[in-house]
$ cat start_39.txt   # compact mmCIF, C-alpha atoms
# COMPACT_ATOMS: atom_id res chain seq x y z
CA GLN C 1 0.00 0.00 0.00
CA GLY C 2 2.99 2.32 -0.04
CA ARG C 3 3.14 2.97 3.69
CA TRP C 4 6.20 3.52 5.80
CA VAL C 5 7.40 1.18 8.57
CA PHE C 6 9.67 2.37 11.38
CA LEU C 7 11.43 -0.21 13.61
CA GLN C 8 13.02 1.70 16.46
CA ASN C 9 15.93 0.63 18.73
CA CYS C 10 16.90 -2.50 16.85
CA HIS C 11 19.93 -2.94 19.14
CA LEU C 12 17.52 -4.01 21.90
CA ALA C 13 16.37 -7.00 19.82
CA ALA C 14 19.74 -8.52 18.94
CA SER C 15 18.38 -12.09 18.87
CA TRP C 16 15.77 -11.08 16.29
CA MET C 17 18.25 -9.50 13.87
CA PRO C 18 18.83 -12.70 11.81
CA GLN C 19 15.07 -12.95 11.20
CA LEU C 20 14.98 -9.29 10.20
CA GLU C 21 17.71 -9.97 7.67
CA GLU C 22 15.68 -12.81 6.15
CA VAL C 23 12.56 -10.64 5.99
CA ILE C 24 14.40 -7.84 4.19
CA GLN C 25 15.98 -10.25 1.71
CA SER C 26 12.54 -11.69 0.95
CA LEU C 27 11.06 -8.27 0.06
CA GLN C 28 10.35 -8.20 -3.66
CA ASP C 29 8.04 -6.18 -5.92
CA THR C 30 7.16 -3.74 -3.16
CA HIS C 31 5.22 -0.52 -3.68
CA HIS C 32 7.33 2.33 -4.99
CA ASN C 33 6.31 4.51 -2.01
CA PHE C 34 7.15 1.87 0.60
CA ARG C 35 10.00 2.71 2.98
CA LEU C 36 11.49 0.75 5.87
CA TRP C 37 13.19 2.82 8.55
CA LEU C 38 15.50 1.21 11.10
CA SER C 39 17.14 2.94 14.06
CA SER C 40 19.87 1.41 16.18
CA LYS C 41 22.93 2.18 18.21
CA PRO C 42 26.27 0.86 16.93
CA THR C 43 26.23 -2.85 17.67
CA PRO C 44 27.93 -5.90 16.09
CA ALA C 45 24.58 -7.74 16.16
CA PHE C 46 23.13 -5.58 13.38
CA PRO C 47 23.21 -7.48 10.04
CA THR C 48 26.00 -6.36 7.74
CA THR C 49 24.03 -7.12 4.58
CA VAL C 50 21.25 -4.79 5.73
CA LEU C 51 23.77 -2.00 6.28
CA GLN C 52 25.32 -2.50 2.86
CA SER C 53 21.97 -2.36 1.08
CA SER C 54 20.64 0.64 3.00
CA ILE C 55 21.04 4.39 2.93
CA LYS C 56 22.73 5.21 6.24
CA VAL C 57 22.21 8.40 8.22
CA SER C 58 24.32 8.88 11.33
CA LEU C 59 23.96 11.44 14.09
CA GLU C 60 27.30 12.34 15.63
CA PRO C 61 27.74 14.59 18.67
CA PRO C 62 29.28 17.99 17.91
CA ARG C 63 33.03 18.17 18.54
CA SER C 64 33.50 21.90 19.01
CA PHE C 65 32.28 23.93 21.97
CA LYS C 66 30.36 26.38 19.78
CA ALA C 67 28.58 23.63 17.82
CA SER C 68 27.49 21.96 21.04
CA LEU C 69 26.19 25.23 22.42
CA GLN C 70 24.33 25.97 19.18
CA GLN C 71 22.60 22.62 19.40
CA LEU C 72 21.44 23.41 22.92
CA VAL C 73 20.25 27.00 22.49
CA ALA C 74 20.12 28.06 18.84
CA GLY C 75 19.79 24.74 17.09
CA SER C 76 17.68 24.23 14.01
CA GLY C 77 14.42 22.47 14.72
CA THR C 78 13.64 22.06 18.40
CA PRO C 79 16.52 23.19 20.65
CA VAL C 80 16.94 21.81 24.13
CA VAL C 81 16.45 25.25 25.68
CA GLY C 82 13.70 27.03 23.73
CA ARG C 83 12.17 30.45 24.03
CA ASP C 84 9.44 29.37 26.45
CA VAL C 85 11.93 27.91 28.91
CA PHE C 86 14.50 30.68 28.51
CA GLU C 87 12.07 33.57 28.98
CA SER C 88 10.23 32.06 31.96
CA ASP C 89 9.49 34.87 34.46
CA ASP C 90 8.50 32.89 37.55
CA CYS C 91 12.05 31.85 38.51
CA GLY C 92 13.62 35.15 39.50
CA VAL C 93 15.86 37.64 37.75
CA SER C 94 18.89 35.30 37.72
CA TRP C 95 17.11 32.49 35.85
CA ARG C 96 18.47 33.36 32.40
CA GLN C 97 22.04 33.69 33.66
CA LEU C 98 21.78 30.36 35.47
CA LEU C 99 20.24 28.65 32.44
CA PHE C 100 22.94 29.95 30.10
CA GLY C 101 25.61 28.82 32.57
CA LEU C 102 24.08 25.34 32.64
CA CYS C 103 24.26 25.18 28.85
CA LEU C 104 27.93 26.18 28.97
CA PHE C 105 28.54 23.56 31.66
CA HIS C 106 26.89 20.85 29.55
CA ALA C 107 28.94 21.79 26.47
CA ALA C 108 32.18 21.90 28.49
CA ALA C 109 31.50 18.53 30.15
CA ASN C 110 30.98 16.87 26.76
CA GLY C 111 33.89 18.80 25.24
CA ARG C 112 36.36 17.26 27.67
CA LYS C 113 35.67 13.83 26.19
CA VAL C 114 37.48 14.85 22.99
CA TYR C 115 40.78 15.05 24.87
CA GLY C 116 40.73 11.41 25.97
CA THR C 117 42.05 10.54 29.39
CA ARG C 118 43.23 14.12 29.86
CA GLY C 119 39.58 15.16 29.95
CA TRP C 120 37.98 12.28 31.87
CA ASN C 121 39.52 9.19 33.42
CA ILE C 122 36.49 7.27 32.15
CA PRO C 123 34.64 8.60 29.06
CA HIS C 124 31.22 9.98 29.95
CA SER C 125 28.47 10.86 27.47
CA PHE C 126 26.07 13.40 28.89
CA THR C 127 22.87 13.52 26.85
CA HIS C 128 20.36 16.27 26.25
CA THR C 129 18.01 14.47 28.60
CA ASP C 130 20.41 15.18 31.47
CA LEU C 131 20.20 18.89 30.74
CA GLN C 132 16.43 18.83 30.30
CA VAL C 133 15.88 17.06 33.63
CA THR C 134 18.26 19.48 35.35
CA VAL C 135 16.42 22.47 33.91
CA GLN C 136 13.05 21.09 35.01
CA LEU C 137 14.26 20.41 38.56
CA LEU C 138 15.85 23.85 38.86
CA HIS C 139 12.72 25.48 37.46
CA SER C 140 10.62 23.81 40.16
CA LEU C 141 13.18 24.68 42.84
CA LEU C 142 13.58 28.34 41.93
CA SER C 143 9.87 28.93 41.43
CA GLU C 144 9.31 27.96 45.06
CA SER C 145 12.39 29.65 46.59
CA PRO C 146 12.81 33.42 46.81
CA GLY C 147 16.60 33.33 46.35
CA LEU C 148 19.24 31.12 44.74
CA PRO C 149 19.97 28.04 46.90
CA TRP C 150 23.41 27.28 45.46
CA THR C 151 23.94 24.21 47.62
CA ALA C 152 20.75 22.61 46.35
CA VAL C 153 21.56 23.63 42.76
CA HIS C 154 24.98 21.97 42.91
CA ARG C 155 23.66 18.89 44.68
CA LEU C 156 20.89 18.31 42.15
CA THR C 157 23.11 18.95 39.14
CA SER C 158 26.50 17.41 39.94
CA GLY C 159 25.28 14.85 42.44
CA ILE C 160 22.13 13.48 40.79
CA CYS C 161 21.43 14.54 37.22
CA TYR C 162 25.00 14.45 35.91
CA GLY C 163 26.83 12.73 38.75
CA GLY C 164 24.69 9.62 38.40
CA ARG C 165 26.64 8.73 35.25
CA VAL C 166 30.07 9.26 36.85
CA THR C 167 31.68 6.35 38.69
CA ASP C 168 35.24 7.64 39.07
CA PRO C 169 35.71 9.78 42.22
CA TRP C 170 38.24 12.08 40.55
CA ASP C 171 35.91 12.62 37.60
CA LEU C 172 33.13 13.46 40.01
CA ARG C 173 35.37 15.97 41.76
CA CYS C 174 36.25 17.53 38.40
CA LEU C 175 32.57 17.68 37.46
CA GLU C 176 31.75 19.56 40.65
CA ALA C 177 34.57 22.04 40.03
CA LEU C 178 33.39 22.57 36.46
CA LEU C 179 29.85 23.27 37.64
CA GLU C 180 31.15 25.71 40.24
CA ARG C 181 32.95 27.53 37.47
CA PHE C 182 29.86 28.12 35.32
CA CYS C 183 27.13 28.14 37.97
CA GLY C 184 28.50 29.68 41.11
CA PRO C 185 27.88 32.80 43.21
CA GLU C 186 30.79 34.64 41.55
CA THR C 187 29.10 34.33 38.15
CA GLN C 188 26.53 36.87 39.33
CA GLU C 189 29.20 39.54 39.74
CA GLU C 190 29.57 42.23 37.09
CA GLY C 191 32.49 41.78 34.71
CA HIS C 192 33.00 38.10 35.57
CA CYS C 193 34.49 35.84 32.86
CA TYR C 194 34.46 32.06 32.72
CA VAL C 195 37.89 31.98 31.02
CA SER C 196 40.56 34.27 32.39
CA SER C 197 42.47 34.51 29.10
CA SER C 198 39.41 35.52 27.02
CA GLN C 199 36.69 38.10 27.52
CA VAL C 200 34.36 36.37 25.03
CA TYR C 201 33.02 33.76 27.43
CA GLY C 202 31.11 35.49 30.18
CA PRO C 203 27.68 35.54 31.82
CA ILE C 204 24.82 37.18 29.96
CA PRO C 205 22.91 40.13 31.47
CA PRO C 206 19.70 39.20 33.35
CA SER C 207 17.59 41.11 30.81
CA THR C 208 18.94 39.24 27.75
CA SER C 209 16.21 38.05 25.41
CA TYR C 210 16.18 34.72 23.62
CA PRO C 211 17.10 36.15 20.17
CA GLU C 212 19.98 38.09 21.75
CA CYS C 213 21.23 34.91 23.40
CA CYS C 214 21.12 33.03 20.08
CA LEU C 215 23.00 35.89 18.40
CA LEU C 216 25.62 35.80 21.15
CA VAL C 217 26.18 32.09 20.58
CA GLU C 218 26.49 32.62 16.83
CA ARG C 219 29.24 35.21 17.38
CA LEU C 220 31.44 32.86 19.42
CA PRO C 221 34.73 31.80 17.78
CA PRO C 222 34.45 28.51 15.85
CA ASP C 223 37.52 27.00 17.52
CA SER C 224 37.54 27.35 21.28
CA SER C 225 40.54 26.93 23.53
CA PRO C 226 40.77 23.93 25.88
CA GLU C 227 40.69 26.46 28.71
CA VAL C 228 36.92 26.71 28.22
CA CYS C 229 36.66 23.10 29.37
CA GLY C 230 39.06 23.70 32.27
CA LEU C 231 42.10 22.20 30.51
CA PRO C 232 45.55 23.66 29.71
CA PRO C 233 45.85 25.38 26.30
CA SER C 234 48.73 23.10 25.24
CA LEU C 235 46.27 20.25 24.75
CA ASP C 236 45.06 21.87 21.53
CA SER C 237 48.26 21.03 19.65
CA GLU C 238 48.31 17.52 21.15
CA LEU C 239 44.73 16.94 20.01
CA ARG C 240 45.47 18.08 16.46
CA ALA C 241 48.56 15.85 16.29
CA SER C 242 46.56 12.88 17.56
CA GLU C 243 43.80 13.49 15.01
CA SER C 244 46.39 13.74 12.24
CA ARG C 245 47.89 10.38 13.23
CA GLU C 246 44.44 8.79 13.34
CA LEU C 247 43.68 10.12 9.86
CA GLN C 248 46.98 8.79 8.52
CA ASP C 249 46.35 5.38 10.06
CA MET C 250 42.87 5.32 8.54
CA LEU C 251 44.21 6.20 5.08
CA HIS C 252 46.89 3.51 5.38
CA THR C 253 44.24 0.99 6.39
CA LEU C 254 42.07 1.87 3.41
CA GLN C 255 45.04 1.72 1.07
CA PHE C 256 46.40 -1.52 2.45
CA PRO C 257 43.98 -4.17 3.83
CA ALA C 258 45.06 -5.84 7.03
CA GLN C 259 43.70 -9.33 6.28
CA GLY C 260 44.42 -11.83 3.56
CA ARG C 261 47.12 -11.98 0.89
CA SER C 262 45.36 -10.08 -1.85
CA MET C 263 46.70 -8.49 -4.98
CA ASN C 264 47.99 -5.53 -2.95
CA TYR C 265 50.41 -7.80 -1.14
CA ARG C 266 51.88 -9.12 -4.38
CA LEU C 267 52.22 -5.60 -5.75
CA HIS C 268 54.10 -4.48 -2.63
CA ASP C 269 56.39 -7.50 -2.31
CA GLU C 270 59.12 -5.93 -4.43
CA LEU C 271 58.92 -2.64 -2.50
CA VAL C 272 59.13 -4.37 0.89
CA LEU C 273 61.99 -6.61 -0.22
CA GLU C 274 63.93 -3.60 -1.51
CA LYS C 275 63.38 -1.66 1.74
CA ALA C 276 64.34 -4.63 3.91
CA THR C 277 67.51 -5.26 1.91
CA ASN C 278 68.47 -1.58 2.01
CA LEU C 279 67.95 -1.35 5.77
CA LEU C 280 69.95 -4.52 6.37
CA GLU C 281 72.85 -3.16 4.34
CA ARG C 282 72.82 0.16 6.23
CA LEU C 283 72.36 -1.44 9.63
CA PRO C 284 75.59 -0.91 11.64
CA PRO C 285 77.37 -3.88 13.21
CA SER C 286 77.20 -4.67 16.87
CA LEU C 287 79.42 -2.61 19.17
CA GLN C 288 82.33 -4.23 20.92
CA LEU C 289 81.97 -4.31 24.67
CA PRO C 290 84.69 -2.13 26.25
CA THR C 291 87.34 -3.96 28.25
CA LEU C 292 88.08 -3.01 31.81
CA SER C 293 91.45 -1.27 32.00
CA PRO C 294 93.21 -0.06 35.16
CA SER C 295 92.22 3.49 34.28
CA ASP C 296 88.54 2.48 34.36
CA THR C 297 88.62 1.65 38.07
CA VAL C 298 88.25 3.71 41.19
CA PRO C 299 89.91 3.03 44.56
CA THR C 300 87.78 1.55 47.28
CA LYS C 301 88.14 1.23 51.02
CA ASP C 302 87.26 -1.79 53.08
CA SER C 303 86.82 -2.01 56.83
CA ARG C 304 90.57 -1.68 57.40
CA GLY C 305 90.80 1.51 55.37
CA ALA C 306 87.97 3.26 57.23
CA SER C 307 88.33 4.85 60.57
CA SER C 308 86.31 3.44 63.40
CA THR C 309 85.52 4.82 66.84
CA PRO C 310 84.20 2.56 69.59
CA ARG C 311 81.08 3.77 71.28
CA ASP C 312 82.66 3.64 74.74
CA SER C 313 85.95 5.28 73.72
CA PRO C 314 86.00 9.09 73.70
CA VAL C 315 89.27 9.11 71.71
CA PRO C 316 89.06 8.04 68.03
CA THR C 317 91.09 4.95 67.16
CA PRO C 318 93.57 5.68 64.36
CA ALA C 319 92.93 3.67 61.21
CA PRO C 320 95.71 1.34 60.06
CA THR C 321 97.74 2.57 57.08
CA LEU C 322 99.66 0.71 54.39
CA ALA C 323 102.91 1.44 56.25
CA ASN C 324 101.76 -0.76 59.14
CA LEU C 325 101.10 -3.75 56.80
CA SER C 326 103.49 -6.33 55.45
CA PRO C 327 104.60 -6.14 51.78
CA ALA C 328 102.28 -9.01 50.82
CA GLU C 329 99.34 -7.33 52.54
CA GLN C 330 100.23 -4.03 50.91
CA ALA C 331 100.13 -5.65 47.42
CA ASP C 332 96.86 -7.38 48.25
CA GLU C 333 95.41 -4.11 49.56
CA GLY C 334 96.39 -2.25 46.40
CA SER C 335 94.92 -4.91 44.16
CA LYS C 336 91.63 -4.74 46.06
CA GLN C 337 91.46 -1.00 45.53
CA ARG C 338 91.96 -1.35 41.74
CA LYS C 339 89.28 -4.00 41.16
CA CYS C 340 86.17 -1.76 41.39
CA PRO C 341 84.96 -0.48 37.97
CA SER C 342 84.05 3.16 37.69
CA PRO C 343 80.36 4.16 37.38
CA PHE C 344 80.99 5.63 33.91
CA TRP C 345 82.43 2.34 32.66
CA LEU C 346 79.47 0.39 34.07
CA LEU C 347 77.02 2.77 32.41
CA LEU C 348 78.82 2.43 29.08
CA VAL C 349 78.78 -1.39 29.26
CA GLN C 350 75.05 -1.35 30.05
CA GLU C 351 74.20 1.01 27.17
CA VAL C 352 76.30 -0.99 24.70
CA SER C 353 74.67 -4.26 25.79
CA GLN C 354 71.17 -2.84 25.41
CA TRP C 355 72.09 -1.35 22.05
CA ASN C 356 73.37 -4.68 20.71
CA ASN C 357 70.10 -6.25 21.85
CA ARG C 358 68.10 -3.63 19.93
CA MET C 359 70.17 -4.14 16.80
CA GLY C 360 69.63 -7.88 17.10
CA VAL C 361 65.86 -7.47 17.17
CA VAL C 362 65.81 -5.16 14.13
CA SER C 363 68.25 -7.31 12.15
CA ALA C 364 66.45 -10.58 12.94
CA SER C 365 63.02 -9.18 12.04
CA LEU C 366 64.30 -7.77 8.74
CA GLY C 367 65.94 -11.09 7.90
CA ARG C 368 62.73 -13.03 8.61
CA LEU C 369 60.74 -10.53 6.55
CA ALA C 370 63.07 -10.83 3.54
CA ALA C 371 62.95 -14.62 3.75
CA ALA C 372 59.14 -14.60 4.04
CA VAL C 373 58.73 -12.34 1.00
CA LYS C 374 60.97 -14.67 -1.01
CA GLY C 375 58.83 -17.63 0.07
CA GLU C 376 61.57 -19.36 2.04
CA VAL C 377 59.69 -19.26 5.37
CA PRO C 378 55.99 -18.80 6.22
CA LEU C 379 54.73 -15.26 6.83
CA LEU C 380 53.90 -15.14 10.54
CA GLU C 381 51.58 -12.60 12.14
CA GLU C 382 54.34 -10.48 13.71
CA THR C 383 56.25 -10.48 10.43
CA GLU C 384 53.12 -9.41 8.57
CA VAL C 385 52.80 -6.41 10.92
CA ILE C 386 56.33 -5.34 9.96
CA TYR C 387 55.41 -5.91 6.31
CA GLN C 388 52.47 -3.52 6.56
CA ALA C 389 54.55 -0.93 8.42
CA LEU C 390 57.23 -0.88 5.70
CA VAL C 391 54.57 -0.45 3.02
CA ALA C 392 53.06 2.49 4.94
CA ASP C 393 56.55 3.92 5.71
CA THR C 394 55.89 3.78 9.46
CA VAL C 395 57.93 2.31 12.31
CA PRO C 396 56.82 -1.16 13.46
CA ARG C 397 55.62 -1.29 17.02
CA VAL C 398 58.29 -3.78 18.10
CA TRP C 399 60.98 -1.41 16.79
CA GLN C 400 59.51 1.58 18.59
CA LEU C 401 59.93 -0.21 21.91
CA LYS C 402 63.52 -1.19 21.10
CA GLY C 403 64.77 1.81 19.12
CA PRO C 404 66.23 5.14 20.21
CA ALA C 405 63.04 7.20 19.77
CA ARG C 406 59.56 6.14 20.83
CA ASN C 407 57.75 8.92 19.04
CA GLU C 408 54.99 7.31 17.00
CA GLY C 409 54.84 10.31 14.67
CA LEU C 410 58.28 9.64 13.13
CA SER C 411 58.52 8.20 9.66
CA LEU C 412 60.60 5.11 9.01
CA SER C 413 63.42 7.02 7.29
CA ARG C 414 63.66 9.60 10.09
CA TRP C 415 63.60 6.90 12.77
CA PHE C 416 66.37 4.93 11.06
CA HIS C 417 68.46 8.11 10.73
CA LEU C 418 68.20 8.60 14.51
CA LEU C 419 69.18 4.96 14.94
CA LEU C 420 72.42 5.55 13.05
CA GLU C 421 73.13 8.74 15.00
CA CYS C 422 72.72 6.88 18.30
CA HIS C 423 75.12 4.17 17.11
CA LYS C 424 77.65 6.82 16.14
CA PHE C 425 77.36 8.46 19.56
CA LEU C 426 77.86 5.20 21.47
CA ALA C 427 80.83 4.20 19.30
CA HIS C 428 82.46 7.57 19.92
CA TRP C 429 81.76 7.31 23.66
CA ALA C 430 83.42 3.90 23.84
CA SER C 431 86.54 5.23 22.08
CA LEU C 432 87.19 7.92 24.70
CA ASN C 433 89.59 7.51 27.56
CA THR C 434 88.59 7.44 31.21
CA ASP C 435 89.18 11.13 31.93
CA GLN C 436 87.04 12.25 29.00
CA ARG C 437 84.21 9.90 30.05
CA ALA C 438 84.30 11.20 33.60
CA THR C 439 84.31 14.86 32.61
CA GLY C 440 81.72 14.38 29.86
CA ARG C 441 83.93 15.88 27.11
CA LEU C 442 82.48 14.06 24.15
CA GLN C 443 84.52 15.67 21.38
CA GLU C 444 85.15 14.47 17.89

$ encode --input "start_39.txt" --output "C-alpha cells"
Amino acid sequence: QGRWVFLQNCHLAASWMPQLEEVIQSLQDTHHNFRLWLSSKPTPAFPTTVLQSSIKVSLEPPRSFKASLQQLVAGSGTPVVGRDVFESDDCGVSWRQLLFGLCLFHAAANGRKVYGTRGWNIPHSFTHTDLQVTVQLLHSLLSESPGLPWTAVHRLTSGICYGGRVTDPWDLRCLEALLERFCGPETQEEGHCYVSSSQVYGPIPPSTSYPECCLLVERLPPDSSPEVCGLPPSLDSELRASESRELQDMLHTLQFPAQGRSMNYRLHDELVLEKATNLLERLPPSLQLPTLSPSDTVPTKDSRGASSTPRDSPVPTPAPTLANLSPAEQADEGSKQRKCPSPFWLLLVQEVSQWNNRMGVVSASLGRLAAAVKGEVPLLEETEVIYQALVADTVPRVWQLKGPARNEGLSLSRWFHLLLECHKFLAHWASLNTDQRATGRLQE
C-alpha cells in the first residue's frame, strides 16, 4: 500500500536480527512509495548485509564547543532550551544567567571527552536528557524559593542529574569544580568571565532576550581553547597531532587491507623486499663491549681503610695505614682498591649491551621478513605487521619499543636516521679515555 514502517531501537532486539535480515531479503516487488526505517545504536549484532543495502544516516555529537552550544540553544528544529523555557518569568531575575551557565557547563563537560584521558579518566556521554531534567528540577526549585539556593543547585546537578553517570571519584570531583565555574555565586558579579584569558566567554545580562542569546552564541569563535573546558591550552596542539595520526592510520588501512594476501600484497612485495635489503645493508654492526682497564677503576676502602671509633671510647682509634702492613698485605690491599669499575664504565657497558640487543631485534626481524617475502619461510603474524609498516613507511611497534626514539609520529626514514646517529654516539663514547668519560667531554 505504499506505507512507511519504522522499527526503532533495533539494538535491543539482537536475537531477532537474523530474522529481520531474512525478511528484508525476501522483500520483492514492493510498492514504490514503501519505505522501511531502522534505528539502532552501533552494535555488532546488526546485520551487515542490511547495512550494505541501506542508505545510512548517522547522528554524531558535535566536537567543538560552539557547535554543542548551538545545538542546545540556537539549534535548528527544536533546541533543548527554547524560548518558552528561557524567557520564563517565575524563577527570579537570575534564571536566564543560570540557564545559560548550565548550557555552557553541559557543552564543556561533553567537550572534555574529545581530549581522551586528559579530559575524563572514564569517558562519559552526557545527553540532552540530562540537561532537560536538570532544567526542570531547577525550574521547580527556583519557582518555590525566593533566592538562589546554590547548595541545592549543585547537589541536584553534579550529584544526581550528571553525577549519576560518573563512577570515578576524581571525575566526580572535576565535574563539581566545572559546575562551580559556570554556575557559582561569583558568576553573578559584574564583569566576571568564565575563562581568564578571554573576555568572550562570560555571563549574559539578566535582561537578555532569547534572540539576543542566540546571536551571542552565533558570534562565538568557531575554535575554542581547551581552557573553556578547564584544561591547559597546550592540549590543543596535542589533540590536532593525535587526530592527524588517526587520519593517517585510517588512510593507510584503506590503502592496504590488514587481512588476507590479496593483490595488494603481491604488488608491494618488491617494495618491501627492496626496503628490507636496504635497511639490512645500512644497519651498523654490533658494538664491541669495552674492556676493563686499570684506568677504568676507582679506589675503594674496606673495613681496614675506614676509621672506626668505639662507642665507649672518647678518643678516636687511628685507622691502620699501608705502612703498618706487610709487603704481601700491601700488594693485596692495592689490588683490592683497583678491582672496582668506575660508574661511567658500568654505564657504558650497560648502554652498549642494550644497544646490541636492539640491533639484534631489528636485524632478525628484517631477515625473517626478507625470507618470508621470497617464500623461504611462512609469513607469521608479527612479520606481517612489519610488512604492513614498511609499506606504509611507518615504524613497526616492536621497533619503537627497542629503538632510540619512541615517538609514534616519526617516519621510518627519520627513525632509522636517529638509529644511526645513536650508534655513532655510542661508538664515539666507547673510544674515549677514562678522563674524557668522567668529565663528559664528548669531542670528535

$ closest_residue --input "start_39.txt" --among "C:Pro343, C:Gly184, C:Gly367, C:Pro396" --to "Thr277 of chain C" --atoms "all atoms listed in the file"
C:Gly367

$ closest_residue --input "start_39.txt" --among "C:Lys424, C:Arg35, C:His139, C:Arg245" --to "Val5 of chain C" --atoms "only C-alpha atoms"
C:Arg35

$ atom_distance --input "start_39.txt" --atom1 "atom CA of Cys214 of chain C" --atom2 "atom CA of Gln70 of chain C"
7.8 Å

$ closest_residue --input "start_39.txt" --among "C:Ala427, C:Ala389, C:Val114, C:Leu138" --to "Ser411 of chain C" --atoms "only C-alpha atoms"
C:Ala389

$ atom_distance --input "start_39.txt" --atom1 "atom CA of Ser242 of chain C" --atom2 "atom CA of Gln199 of chain C"
28.9 Å

$ atom_distance --input "start_39.txt" --atom1 "atom CA of Cys229 of chain C" --atom2 "atom CA of Arg112 of chain C"
6.1 Å

$ residues_near_point --input "start_39.txt" --point "(20.6, 36.9, 29.6)" --cutoff "10 Å" --atoms "only C-alpha atoms" --output "PDB file with C-alpha atoms, keeping the file's coordinate frame"
ATOM      1  CA  PHE C  86      14.500  30.680  28.510  1.00  0.00           C
ATOM      2  CA  GLU C  87      12.070  33.570  28.980  1.00  0.00           C
ATOM      3  CA  VAL C  93      15.860  37.640  37.750  1.00  0.00           C
ATOM      4  CA  SER C  94      18.890  35.300  37.720  1.00  0.00           C
ATOM      5  CA  TRP C  95      17.110  32.490  35.850  1.00  0.00           C
ATOM      6  CA  ARG C  96      18.470  33.360  32.400  1.00  0.00           C
ATOM      7  CA  GLN C  97      22.040  33.690  33.660  1.00  0.00           C
ATOM      8  CA  LEU C  98      21.780  30.360  35.470  1.00  0.00           C
ATOM      9  CA  LEU C  99      20.240  28.650  32.440  1.00  0.00           C
ATOM     10  CA  PHE C 100      22.940  29.950  30.100  1.00  0.00           C
ATOM     11  CA  GLY C 101      25.610  28.820  32.570  1.00  0.00           C
ATOM     12  CA  PRO C 203      27.680  35.540  31.820  1.00  0.00           C
ATOM     13  CA  ILE C 204      24.820  37.180  29.960  1.00  0.00           C
ATOM     14  CA  PRO C 205      22.910  40.130  31.470  1.00  0.00           C
ATOM     15  CA  PRO C 206      19.700  39.200  33.350  1.00  0.00           C
ATOM     16  CA  SER C 207      17.590  41.110  30.810  1.00  0.00           C
ATOM     17  CA  THR C 208      18.940  39.240  27.750  1.00  0.00           C
ATOM     18  CA  SER C 209      16.210  38.050  25.410  1.00  0.00           C
ATOM     19  CA  TYR C 210      16.180  34.720  23.620  1.00  0.00           C
ATOM     20  CA  GLU C 212      19.980  38.090  21.750  1.00  0.00           C
ATOM     21  CA  CYS C 213      21.230  34.910  23.400  1.00  0.00           C
ATOM     22  CA  LEU C 216      25.620  35.800  21.150  1.00  0.00           C
TER      23      LEU C 216
END

$ closest_residue --input "start_39.txt" --among "C:Pro211, C:Gly116, C:Gly360, C:Gly230" --to "Ala74 of chain C" --atoms "only C-alpha atoms"
C:Pro211

$ closest_residue --input "start_39.txt" --among "C:Asn110, C:Gln132, C:Gln28, C:Ser286" --to "Lys66 of chain C" --atoms "all atoms listed in the file"
C:Asn110

$ residues_near_point --input "start_39.txt" --point "(33.5, 17.2, 19.9)" --cutoff "6 Å" --atoms "only C-alpha atoms" --output "JSON, numbers by chain"
{"C": [62, 63, 64, 111, 114]}
